[in-house]
Every structure is written in structure tokens, then in C-alpha cells.
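S.K.: Pasting a structure here, questions to come.
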Protein chains: 2
Amino acid sequence: MGKRKVVQKEVLTEEKTSVKEKGKALKVAPEPRMKAHKKKGPAENAESLAKKQREISVSEFFAKNRHLLGFDNPKKALLTAVKEAIDNSLDACEESEILPEITVKLVRLSAKVVEPTPEEEAALAKGGKPKKKNPTPTEKYCLTVIDNGPGIVPAQIPKIFAKLLYGSKFHRLKMSRGQQGIGIAAAGMYGQMTTGKPMRVYSKLPKNPKATFVELQIDTKTNKPDVLQEKEVAWTEKTSSGTIVEITLEGRYQRGRQSIDEFVLLNTLSNPHASFKFVDPDGEIFDYPRKIEELPPLPSEIKPHPYGVELGRFHQMVADTSQKTMRQFLTKEFSRVSDKVVDEIFKEAGVKDFSLASAQSDKVTSVHEAIKKVPIMNPPTDCIVPIGEELLTETLRNQTKAEFYTAITRPPSVYRGNPFVVECALAFGGELRGDEAMTVFRFANRVPLQFQPAACATLRVITKADWKNYGLNQQKNSLPVGPVAVVIHVASVWVPFTSESKEAIADYPEIKQEIRLAVLECARRLSVHVSRGRRADEAERKANYIDTYIPFIGEALQAMLTLSDKERDKVVATLRDTLEKGKLDG
Amino acid sequence: MGKRKVVQKEVLTEEKTSVKEKGKALKVAPEPRMKAHKKKGPAENAESLAKKQREISVSEFFAKNRHLLGFDNPKKALLTAVKEAIDNSLDACEESEILPEITVKLVRLSAKVVEPTPEEEAALAKGGKPKKKNPTPTEKYCLTVIDNGPGIVPAQIPKIFAKLLYGSKFHRLKMSRGQQGIGIAAAGMYGQMTTGKPMRVYSKLPKNPKATFVELQIDTKTNKPDVLQEKEVAWTEKTSSGTIVEITLEGRYQRGRQSIDEFVLLNTLSNPHASFKFVDPDGEIFDYPRKIEELPPLPSEIKPHPYGVELGRFHQMVADTSQKTMRQFLTKEFSRVSDKVVDEIFKEAGVKDFSLASAQSDKVTSVHEAIKKVPIMNPPTDCIVPIGEELLTETLRNQTKAEFYTAITRPPSVYRGNPFVVECALAFGGELRGDEAMTVFRFANRVPLQFQPAACATLRVITKADWKNYGLNQQKNSLPVGPVAVVIHVASVWVPFTSESKEAIADYPEIKQEIRLAVLECARRLSVHVSRGRRADEAERKANYIDTYIPFIGEALQAMLTLSDKERDKVVATLRDTLEKGKLDG
């Protein structure tokens with residue numbers, strides 16, 4: 001990157017050399033070349049370009065970019081659909097203070113597709129792609145997710161399930177699994193795109209004897225729901241209320257890493273108050289009864305913190321508020337703004353309280369600028385409900401047989417005005433393998449994260465930390481190698497993800513700093529444990545020396561000093577005592 | 001992950017142990033604990049939840065999730081704004097067959113912010129966060145990007161610059177830098193959110209003597225443009241047409257890795273037909289005249305390939321088409337569907353040609369299903385214009401002083417019906433450092449990718465490859481260490497990115513496979529070069545032995561056999577010849 005100014009002559013000379021060099025390389029290995037692309041499309045001008053401008057509906061956008069939502073490939077698509085449905089069910093149950101009972105059923109509707117063996121794939125790769133090749137056949141599944149939540153008011157069903165960017169969680173500052181208003185509708189859209197089948201939703205309210213059944217699809221051109229059928233039906237579940245979602249979709253079911261099995265299992269760990277049942281396509285039933293009969297505390301909703309509201313949104317809020325004056329607006333619509341804080345803000349801005357109706361934009365801006373100069377308490381943190389140190393340790397115990405466990409829940413912190421909490425648990429030794437990279441379990445708002453570890457703030461922190469200090473092997477910027485497993489949980493009123501599929505936590509410095517502090521504290525405790533272990537080992541060795549050599553020393557002394565057996569035994573006992581004492585002190 | 005069924009009793013026992021264990025750990029290092037969260041929010045029911053459901057505008061969504069668009073932090077936000085403007089300018093110039101001339105000016109509008117030193121940061125981190133802390137002050141910039149493109153029809157300016165998901169590139173299958181209709185409007189929205197200042201656009205059409213000036217902002221609640229001012233002004237540039245975009249935004253300008261300087265420089269490499277000028281906030285001018293006076297061939301637009309159109313979109317296309325019959329529809333609106341192919345599709349589906357007006361949905365579906373069973377040629381590939389082996393090598397030469405260069409442009413391939421081409425160039429030895437990880441330059445549709453390497457398909461392929469086979473050091477799943485630099489370019493009518501910020505290429509198996517083949521071919525050539533170098537070294541060594549020892553052997557023989565000097569010289573010459581011959585053969 002040294003060169004700044006490219007001198008034309010120099011470049012041309014180099015280009016010649018380049019062509020020669022390339023020629024040489026080609027002799028070594030002749031390769032298929034691109035055909036020269038001389039054919040040109042028509043040139044455009046402002047007018048012709050204008051005719052091509054069009055609005056893009058958010059559904060069209062995500063249908064084309066469906067990998068952004070986690071629908072990259074059939075295997076992941078199936079998992080993402082399950083995940084979105086479970087997230088919604090858990091949120092709805094908890095918000096209504098119902099102990100969640102969730103059933104996931106997966107039925108294969110087509111023949112199982114046999115994948116090419118690695119040998120076949122390699123042969124295919126070597127030969128290059130054939131000019132004509134049929135697409136790989138796909139598998140079709142029917143996914144059913146049943147919950148015992150509060151049900152959904154019939155009028156809301158179409159928008160919730162067949163409109164992207166619609167929901168109750170986006171505009172609130174409250175910790176929940178869903179936050180975007182995309183997930184479940186995207187799963188339905190994916191099903192519709194790949195199989196042409198509409199989504200089916202059954203919803204039963206406690207007050208109604210019957211359930212509502214709706215068959216619906218999404219009009220991707222307008223991002224609007226299209227109701228094909230709506231009727232009252234009998235509710236076949238034993239619960240007094242609930243929702244059943246059915247999606248027919250292309251997918252692929254596989255067990256093991258990054259599977260639905262793993263997702264459900266990890267969910268049982270972060271949600272011990274929920275019971276899960278998973279019926280897999282082969283009919284095998286995975287049954288996880290709840291472990292705790294008590295709901296976690298319900299997180300409360302908070303108002304935005306003034307530091308987290310940027311100028312543009314501040315103006316928007318002023319325009320939208322029903323408050324009459326700036327003072328009322330600041331104290332009523334924000335967290336942590338007392339009358340005293342308003343006094344300081346006004347003083348800093350050089351203004352007095354003013355009516356919002358006739359307020360000049362500049363005056364509002366000056367208030368916003370003053371906010372940054374006034375110290376304001378961090379937002380309240382009862383909006384965050386961490387998993388807790390006990391439960392995190394429990395999670396690790398379920399996954400590992402180690403000799404040492406520790407966990408920490410950090411105090412709440414704030415990024416862009418949003419409170420968040422980081423928790424970390426660590427397991428060491430025992431049956432964990434010493435020759436493998438550290439295992440990391442990631443959770444965000446109690447949801448297991450199974451994909452994109454390399455893009456996640458958690459892994460970035462762990463790989464950047466120096467684990468050699470804590471007695472582990474580590475290559476630069478890699479996961480340490482050793483018998484260690486770690487759980488990290490980030491909980492927030494708004495977890496920033498690197499994409500809409502919510503697979504990895506984005507790189508906010510405040511969040512990374514908290515992850516770092518949590519991980520390093522666990523690592524520090526580990527090193528205390530390890531060095532204590534080392535001391536114990538040494539003491540053990542010392543004790544062995546004592547046991548081994550003292551009798552001989554005793555006999556030698558007896559011979560040298562002509563001691564009686566009794567005297568010898570006394571000397572040996574004294575020696576042993578003295579040395580044992582040294583062992584305990586040292 | 002072994003356990004499948006969690007037995008309640010077992011878990012409860014383990015829990016007790018866990019609490020004990022945790023207590024122990026806490027004695028080792030007492031830590032601030034979370035306050036117990038007993039305060040609960042109100043419980044919801046279906047009706048109360050329904051009242052909270054709301055539509056989310058796409059602008060609101062991306063304003064809150066602005067890290068998805070590359071506006072994570074002030075430094076990156078500034079770069080992303082520059083990137084979006086340059087991408088648009090290059091696309092517009094090329095589509096209109098104008099050799100691009102682009103000027104980027106960055107003016108700092110506020111005092112420079114001094115960052116805390118690493119020591120200060122560490123002290124802050126150790127002490128934990130203070131309860132009250134003012135936000136870090138920010139820097140403000142005015143960014144101006146000037147091009148000599150075709151200009152923009154005045155009526156289109158508001159929507160192009162102040163509406164997300166609007167553009168000419170999303171609905172076409174054509175290789176271009178922009179594709180989503182988000183970028184430049186998002187940059188304007190970010191400026192507006194952070195500084196309250198509207199975006200300013202000047203546009204001059206060739207036929208008009210004056211330029212249009214528009215001041216506009218985005219209404220984030222509705223995702224609609226809000227025109228504050230529009231008037232005719234004099235065009236101050238020397239060009240006959242062009243566009244000037246001005247955004248006032250928060251940011252931070254820093255040189256070095258992942259900087260604007262780097263972005264502009266890398267662009268000069270992938271776009272040698274464009275001239276760039278960058279005026280940095282300190283007034284320093286980086287001037288890069290174009291290196292080639294010829295535009296790359298204009299990529300042509302293609303129709304979708306039948307294999308890439310999923311059932312849902314197929315139905316949508318049937319509903320939208322102006323064609324009368326299925327046969328017309330298939331041959332006119334798709335690539336590579338001849339009448340003969342239609343015959344085969346109809347035969348497979350068991351149908352005859354039918355009118356679309358009255359077509360049953362099932363019949364359309366059966367045609368779609370039949371498509372997959374009929375072999376159809378890959379889509380045409382003149383829609384892809386690769387950078388080419390010469391230019392790629394040139395790119396590496398500009399960045400490195402190596403001893404060996406090679407490059408390959410792979411034949412076109414297809415993913416989800418979209419044609420794409422992968423190119424790779426490799427440099428080895430010379431001044432490249434042998435003790436550092438391989439340097440990788442990534443490009444997508446000629447745009448340099450500077451962020452998220454770990455999430456990118458390119459890096460995933462490189463780190464998974466076994467570089468030890470090619471004589472490089474490598475830790476498992478890491479970049480190889482050695483004096484190697486690599487350029488990878490992925491060009492497609494639709495590059496799948498892992499997020500809207502277009503920083504990393506998504507994990508499509510077909511794309512990874514092509515990257516693998518390109519990289520491995522370069523690596524293979526490298527190993528041929530290296531082993532040839534090794535043979536040359538050995539020959540050299542052998543030659544040295546001959547030169548060193550033969551005279552002595554000659555003298556020894558002379559003494560033993562009492563040879564004349566002439567005889568001795570003859571024997572030496574014969575010996576040398578024989579051995580030299582052996583050297584060449586061996």
C-alpha cells in the first residue's frame with residue numbers, strides 16, 4: 001500500500017513484463033481461457049436509465065437475498081424455520097407468563113436425497129462442470145410447531161405471518177428473542193417460494209371455545225398478506241390457548257453439528273423453564289421436560305436513553321411527541337432525565353424551556369448537542385434478565401465432564417444507549433480433550449447461535465486474547481487449544497447482529513469490551529485453579545519423596561550413629577513431621 | 001451433544017453441585033453481582049399483544065440496524081459513504097460508455113477528536129465503567145463525490161437518493177457494482193441521522209446548459225423522499241454531464257488499513273480505465289490518472305435461467321407475463337429455452353402447450369417440476385466481464401515486489417441460475433515476508449472488499465486448503481504463513497453477500513468450489529516454480545562441488561599416475577564434462 005501516485009509510464013512498462021510472466025505461467029499449465037467478450041450491451045443515458053428505476057419491495061429484496069435471513073441452503077433453511085418458530089413461541093409464552101410447552105414435528109414429504117460421495121464430488125470437480133447438468137433434486141418437509149402461548153387475535157394473523165417488517169418488538173426497548181419482525185414471515189415466504197404451498201396457522205384464544213384456522217401467503221411484489229382461507233376449527237391440543245404454525249418447505253434434515261437436534265438441545269439449556277418435544281422425520285422423539293417450574297423474571301420495557309438517540313431520531317421524536325414543552329418531552333420520554341438533568345441541559349444549551357409546537361429546528365438541535373455534555377446516569381438495567389451464573393455453569397455441566405467450572409455475570413453496560421449484560425462460564429479438564437480447539441457455546445437473549453462463529457464478536461474477543469498467559473496453547477488470532485469449553489451469553493434490549501439471520505453479534509466496541517472482561521475473569525480463575533493444581537502436584541511429589549527415602553535415611557542414620565530401633569523410629573517420625581510441614585507451607 | 005433425554009432427577013442433583021462449585025469459584029475472586037431482578041413487567045395476552053403490533057418501515061429498520069449497511073462506527077461509516085458513491089459513479093459512467101473521472105473530497109467540519117491512549121483505555125477498562133460518563137465527542141465531515149457520468153433525470157433524484165430499496169439494478173440480471181438500491185440513500189440517511197443535515201445533489205444532463213440542484217432528506221417513518229429545495233444552478237465542472245453528491249456526516253478519517261485511501265487505491269487497480277482524485281481532510285491530494293484509455297466491454301443483461309427460478313417466482317412470472325401461452329412464456333422470458341427444450345419439458349410434465357390466461361396452478365407447477373428433469377445448457381456468460389489474468393497480475397505487481405506471479409480466470413459457472421466467474425492471481429517470494437500470514441486482496445464485481453474477511457467465502461476456501469502440500473507453513477483452518485499474496489475476484493450478475501454492507505461473499509457451495517479450483521491451480525503453479533527452483537539450487541550446488549574438487553582430483557591423479565600437465569588437464573576436462581552432463585540430467 002506504499003505507493004501513492006501511479007506514474008503512467010511505469011505502469012505500462014510493468015504491464016509488458018506482466019504479459020511475459022503470464023505467458024510463462026501458461027506454458028506450465030495450459031488452462032481453459034475466457035472467450036473474449038467483445039459483444040456489448042447498449043450504452044445508456046440519463047433518460048434510458050431513469051426508465052429502469054423501480055421500487056423494490058422488502059419481500060422481493062429478501063426473497064432474492066434469502067441467505068441474509070438464514071435460508072442459504074436446504075439444511076440451514078429448515079433449521080432457520082424451526083428457530084424462528086421456537087423464538088416466537090418462547091417470547092409469546094413468557095410475555096404472557098405461561099410456562100412454555102413447545103412441540104416441533106418434521107415430516108419428510110419426498111424421497112430422501114442421497115448426496116454424492118466425496119469421491120464422486122471430487123471426480124466431478126476435476127472434470128469441471130458439464131455443459132448440461134440437471135439441478136440436484138431436493139427434499140420437501142412439512143414443519144409443524146405447536147405452542148401453549150396466548151394465541152393470536154385473528155385480525156393480526158395475516159400480517160404477523162405474511163408480511164415482512166411487521167411486529168410488536170421492533171419499536172420497544174425490551175429484551176426478547178425476536179426483534180425485527182421478519183423471521184417467521186420469512187420462513188413462510190421461503191416455503192411458498194420453494195414449494196408453492198401456503199402457510200397454515202391455527203390460533204386458539206383462552207376465551208374462545210374454537211380455534212381460528214388461516215391459510216395464507218405473502219404477495220412478494222407488495223409485501224402484503226394474501227388470505228386464501230379463514231375458518232373456525234376445533235382445537236385439538238389439550239391446552240387452553242396456543243398457536244400452531246405449519247410450513248411446507250424445501251429442506252434437508254441432518255443430525256449432528258448445526259442441526260435442529262442441537263438447536264433444541266441448546267434451547268433446553270438456556271430455557272430450563274420450557275419443555276420441548278421434537279419429533280424428527282424418522283419418527284424418533286426427543287423429549288425434554290422442563291427442569292424448573294418457575295419462569296424467569298419478565299424483563300421490563302425501558303424508554304430510550306438520551307445518549308443513544310441520535311440527532312435525526314431526536315427531531316423525529318420531537319415531531320411525534322404529545323408533550324407540550326421540551327422539559328416535559330425530555331423527562332417523560334427518556335430514561336434517567338430528571339428535572340435537575342434538564343436544568344443542566346438547558347444551561348449548557350443556553351435556552352429556557354420552550355413550547356415544542358413552535359420550536360425552531362436549531363433550538364432542538366442545540367438541546368441535543370447539550371445532552372452529550374451533561375453527565376447522565378446509565379439506563380436502568382432491570383430490562384435485562386441474564387441467565388445467571390448457576391444456570392450457565394449447569395449448561396456447561398450438561399455438555400461437558402470437566403474437573404473445574406466457573407461462571408460470571410458481568411454488571412450491565414451500555415452501547416448506543418442500549419443496556420446489555422455479558423455472561424461467561426468456563427469448564428476445564430476432566431474428559432475435555434486437550435488436543436482440540438476450545439469449544440464455544442454462544443447465546444444471545446437466550447437463543448443459541450450455531451452459525452458464523454468467525455464473524456461473531458464473541459470469537460473475535462476469544463481469539464484476540466492471549467491464552468498462553470493462562471497456560472493454554474494458542475496460535476496467533478486462533479482459538480486456544482486445550483481442555484476448555486466456554487459459554488458466552490449476550491443479553492440486551494437490542495442485540496446487534498451482523499445480519500438479519502441473527503447468527504453472529506456485531507462488532508460494537510462496548511460489547512467486545514464486556515465480553516473480554518467476562519472471559520478474562522474466567523480465564524484468571526482458571527489459572528488460579530491450574531497453578532493451585534500445580535502446587536498440589538508438587539506437594540504430592542514431595543510427599544512421595546518423603547515416603548520413599550525417609551525409611552532409608554532412618555536406617556542409614558541408625559547405622560552411622562548406632563541408634564536403637566526406637567531412637568531410629570523417633571528420628572524418622574520427626575523428620576517426616578518437619579518435611580510434611582514444609583510440604584503444606586510450600 | 002451426546003445426551004438426548006434429560007432426566008429431571010439427575011439434573012436437580014447436578015444443580016446442587018453446581019451451586020457449591022460456583023460458591024467456591026466466587027471465593028477465589030469476588031465479583032460485582034447482578035441485582036436480583038424481581039421486578040416484573042405486566043403480563044400480556046393476545047389482545048394486549050395485538051395492540052403493540054406495528055409495521056416497520058424499511059428505513060426505520062436500517063436506521064436501527066445501520067451496522068448491517070456498513071455504518072457500524074464513525075470510521076467505517078465514512079468509508080462506506082465514499083464506497084457507495086464511487087460504486088454508483090463507476091456504474092453510471094460505464095453503462096453510458098464514459099471513461100470515469102471521479103473526485104472525492106473530504107472536509108473536516110469539527111475539531112479533530114483525540115482518542116484515549118491504549119494505557120488510558122486499559123485503565124478505564126480495569127476500573128470498570130463509571131456510573132456517569134459522557135459520550136465520546138464525534139467528528140463531522142462534508143463528503144463530496146463528483147463524477148462525469150450521464151447525470152440523473154431531475155424527477156428521479158429524490159427517489160434514488162432518499163428512498164431505500166429503489167434502483168435500476170435489482171430487477172436486472174446484469175453485472176454491476178450496485179445491486180440492492182440501498183447504498184447511497186443509506187449514506188444520506190446516516191448523514192441526516194447523525195448531523196441533521198440534508199443531502200445535496202447536483203446533476204447535469206448533456207442536453208441542458210444548467211444543472212439541477214436538489215436538497216433532500218428521507219422520511220424514515222415512511223421511507224419516502226422529502227425535497228427541501230430544488231433549483232437550477234450553474235454547472236461548475238468542466239464536463240458536459242455528471243453528478244455531484246454532498247453528504248454531511250459524522251465520521252472519523254484515518255489512514256492505513258481499511259481506510260478510504262486504501263479503498264481508492266484498490267479501485268485504481270481493479271478499474272484501470274478510471275481516473276480517481278482524492279482530497280483528504282488535511283488537504284493532501286492523491287491523484288491517480290487512468291492507466292488504460294479503453295472501457296472494459298459493457299456486460300450484457302441476461303434473462304433468468306430456468307434452473308434458477310424457484311416455484312414461487314415461476315408462478316409470479318406467469319402472473320406478470322404478457323405472453324399468451326406457456327411455450328411463448330418459456331422461450332421468450334428465459335435463457336437457453338429453445339422450442340426443442342420446451343418439447344422436452346412438456347413431454348416430461350405430460351402436458352401440451354396451454355393458454356396462461358386460464359391456466360390452473362397445478363399445471364404451471366407441473367411444468368416447473370419438469371424443468372428440473374430436462375437438461376438445459378448453462379446460461380450465456382457474456383454478461384460477466386472478468387478483470388482478466390493480465391490485469392490481475394498487474395494488481396499484484398502494484399502491491400508487491402515478488403519473484404513469481406501467476407493468474408487464472410476460471411471458465412464461467414452457475415449458482416442458483418446466476419452465472420459467475422472466479423479469478424485468482426498469486427505472487428510469491430521477493431520482498432514478501434516469509435514470517436507473516438498470506439495477504440489476500442478480495443474483489444467482487446471490481447469492488448475491493450476490505451472488511452469481514454473471516455466471514456467471506458474466499459478466506460474460508462483459502463484457510464481450508466492444505467497449503468503444506470505447496471511448501472507453505474499452515475496451522476489448521478488458518479491462513480498459511482509464507483511470502484505469498486493472493487488476489488481473488490468474484491464477478492456475477494448477482495453476487496451474494498453476507499450482509500447489505502456487501503463486505504463478504506456468502507457461502508454458496510458452487511462459488512466456493514470455483515474459488516477452490518482457481519486458488520489451487522495458482523498454488524499448483526507455485527509449487528512447480530518452487531520445486532524447479534529447488535532443482536536449480538541443487539544443480540548449482542553440484543556445479544560448485546565440481547569446480548571445487550575436480551582440480552584437486554586432477555592433481556592427485558597426476559601424482560598417482562605420473563601424468564603430464566596436458567594429460568592431467570585432459571582428464572580434468574573429461575571428468576568435468578561427464579559430471580556436468582550428469583548435473584543437467586539429474
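Here, A, B, ... name the chains of the C-alpha cells in the order displayed, residue numbers run from 1 inside each chain, and ligands are numbered from 1 in the same displayed order.
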Could you make a table, as a tab-separated table, of the residues of range 28-115 of chain B that have an atom within 10 Å of an atom of range 271-275 of chain B, each with its nearest atom pair and distance in Å to one decimal, counting only C-alpha atoms, in chain and number order?

M.R.:
residue	atom	partner	partner_atom	distance
B:Leu90	CA	B:Ala274	CA	8.0
B:Cys93	CA	B:Ala274	CA	9.4
B:Glu94	CA	B:Ala274	CA	9.6
B:Ile98	CA	B:Ala274	CA	9.5
B:Leu99	CA	B:Ala274	CA	6.1
B:Pro100	CA	B:Ala274	CA	4.7
B:Glu101	CA	B:Ser275	CA	4.9
B:Ile102	CA	B:Ser275	CA	6.3
B:Thr103	CA	B:Ser275	CA	8.5

S.K.: Excluding Ala402 in chain A and its own-chain neighbours fewer than 2 positions away, which residues fall within 6 Å of it when counting only C-alpha atoms? Please give them as a list in words.

M.R.: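 So, after excluding close chain neighbours, the residues are Thr400, Phe404, Ala427, Phe428, Gly429, Gly430 and Glu431 of chain A.
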
S.K.: Using only C-alpha atoms for the distances, tell me which of B:Leu311, B:Met317, B:Val481, B:Ala43 is nearest to Leu249 in chain A.

M.R.: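 Comparing B:Leu311, B:Met317, B:Val481, B:Ala43 against Leu249 in chain A, the winner is B:Leu311.
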
S.K.: At what distance in Å, to one decimal, does CA of Ile146 in chain B lie from CA of Glu215 in chain B?

M.R.: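 A separation of 16.1 Å between them.
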
S.K.: Taking into account only C-alpha atoms, which residue in the set A:Pro299, A:Pro198, A:Pro74, A:Pro480 is nearest to chain B?

M.R.: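 Checking each of A:Pro299, A:Pro198, A:Pro74, A:Pro480 against chain B, counting only C-alpha atoms, the winner is A:Pro299.
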
S.K.: Name the residues in contact with Cys424 in chain A at a cut-off of 12 Å, using only C-alpha atoms, excluding same-chain residues fewer than 6 positions from it; report them as a ChimeraX atom specification.

M.R.: /A:386-393,395-396,405-411,440-444,458,462,485-491,514-523

S.K.: For Gly167 in chain A, find every residue with an atom within 7 Å (counting only C-alpha atoms), except residues of its own chain fewer than 3 positions away, and show them as a count of residues only.

M.R.: 6

S.K.: Can you work out the spacing between CA of Ser241 in chain B and CA of Ile184 in chain B in Å, to one decimal?

M.R.: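 So the two atoms, CA of Ser241 in chain B and CA of Ile184 in chain B, lie 19.5 Å apart.
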
S.K.: Enter the distance from CA of Asp320 in chain B to CA of Leu216 in chain A, in Å, rounded to one decimal.

M.R.: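 Atom-to-atom, CA of Asp320 in chain B and CA of Leu216 in chain A are spaced 20.3 Å apart.
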
S.K.: Excluding Ala359 in chain B and residues on its chain fewer than 5 positions from it, collect all residues at most 12 Å away from it, counting only C-alpha atoms, and give them as a PyMOL selection string.

M.R.: chain B and resi 315+318-319+324-326+351-354+364-367

S.K.: Pick from B:Gln328, B:Thr439, B:Thr243, B:Gln192: nearest to Arg313 in chain A, with only C-alpha atoms counted?

M.R.: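 Residue with the minimum atom-to-atom distance to Arg313 in chain A: B:Gln192.
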
S.K.: Give me, as a VMD selection string, the residues of range 66-196 of chain A that a backbone DSSP run labels alpha helix (DSSP H).

M.R.: chain A and resid 74 to 95 118 to 126 157 to 162 183 to 195

S.K.: Store the residues picked out above, limited to C-alpha atoms, as a JSON list (two decimals), in the first residue's frame.

M.R.:
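Result file follows (selection.json):
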[["chain", "number", "residue", "atom", "x", "y", "z"],
["A", 74, "PRO", "CA", -31.82, -26.58, 2.34],
["A", 75, "LYS", "CA", -30.27, -27.79, 5.60],
["A", 76, "LYS", "CA", -29.90, -24.37, 7.12],
["A", 77, "ALA", "CA", -33.28, -23.22, 5.79],
["A", 78, "LEU", "CA", -35.02, -26.00, 7.69],
["A", 79, "LEU", "CA", -33.19, -25.11, 10.88],
["A", 80, "THR", "CA", -33.89, -21.39, 10.45],
["A", 81, "ALA", "CA", -37.61, -22.05, 10.07],
["A", 82, "VAL", "CA", -37.60, -24.12, 13.29],
["A", 83, "LYS", "CA", -35.61, -21.45, 15.07],
["A", 84, "GLU", "CA", -37.88, -18.57, 14.09],
["A", 85, "ALA", "CA", -40.97, -20.50, 15.19],
["A", 86, "ILE", "CA", -39.45, -21.52, 18.54],
["A", 87, "ASP", "CA", -38.19, -17.99, 19.22],
["A", 88, "ASN", "CA", -41.68, -16.59, 18.65],
["A", 89, "SER", "CA", -43.34, -19.24, 20.79],
["A", 90, "LEU", "CA", -40.96, -18.72, 23.72],
["A", 91, "ASP", "CA", -41.38, -14.94, 23.55],
["A", 92, "ALA", "CA", -45.17, -15.14, 23.44],
["A", 93, "CYS", "CA", -45.37, -17.62, 26.34],
["A", 94, "GLU", "CA", -43.03, -15.62, 28.54],
["A", 95, "GLU", "CA", -44.70, -12.30, 27.84],
["A", 118, "PRO", "CA", -16.76, -37.27, -1.55],
["A", 119, "GLU", "CA", -15.14, -39.37, -4.31],
["A", 120, "GLU", "CA", -17.95, -38.61, -6.74],
["A", 121, "GLU", "CA", -17.77, -34.94, -5.84],
["A", 122, "ALA", "CA", -14.01, -34.88, -6.36],
["A", 123, "ALA", "CA", -14.36, -36.58, -9.73],
["A", 124, "LEU", "CA", -16.99, -34.03, -10.72],
["A", 125, "ALA", "CA", -14.81, -31.16, -9.57],
["A", 126, "LYS", "CA", -11.80, -32.44, -11.51],
["A", 157, "ILE", "CA", -52.56, -13.39, 11.98],
["A", 158, "PRO", "CA", -52.15, -12.41, 8.31],
["A", 159, "LYS", "CA", -49.73, -9.55, 8.97],
["A", 160, "ILE", "CA", -47.66, -11.39, 11.57],
["A", 161, "PHE", "CA", -47.16, -14.41, 9.35],
["A", 162, "ALA", "CA", -47.23, -12.97, 5.83],
["A", 183, "GLY", "CA", -38.32, -14.18, 10.93],
["A", 184, "ILE", "CA", -41.48, -16.25, 10.85],
["A", 185, "ALA", "CA", -42.90, -14.46, 7.80],
["A", 186, "ALA", "CA", -39.60, -15.11, 6.01],
["A", 187, "ALA", "CA", -39.87, -18.81, 6.85],
["A", 188, "GLY", "CA", -43.37, -18.85, 5.35],
["A", 189, "MET", "CA", -42.16, -16.97, 2.29],
["A", 190, "TYR", "CA", -39.32, -19.43, 1.81],
["A", 191, "GLY", "CA", -41.80, -22.31, 1.97],
["A", 192, "GLN", "CA", -44.03, -20.60, -0.53],
["A", 193, "MET", "CA", -41.13, -19.82, -2.89],
["A", 194, "THR", "CA", -39.77, -23.35, -2.84],
["A", 195, "THR", "CA", -42.94, -25.47, -2.73]]

S.K.: Any idea what's packed within 10 Å of range 252-263 of chain B, counting only C-alpha atoms, ignoring anything in its chain fewer than 5 positions away? Could you give it as a PyMOL selection string?

M.R.: (chain A and resi 1-2+4) or (chain B and resi 73-83+86+104+106-108+112-113+138-141+268+278-282+286+447-451)

S.K.: If you run DSSP on the backbone, which residues of range 334-564 of chain A are strand (DSSP E), as a count of residues only?

M.R.: 38

S.K.: For chain B, which of A:Ser110, A:Thr498, A:Thr144, A:Thr562 is the closest residue, counting only C-alpha atoms?

M.R.: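 The shortest atom-to-atom distance to chain B comes from A:Thr498.
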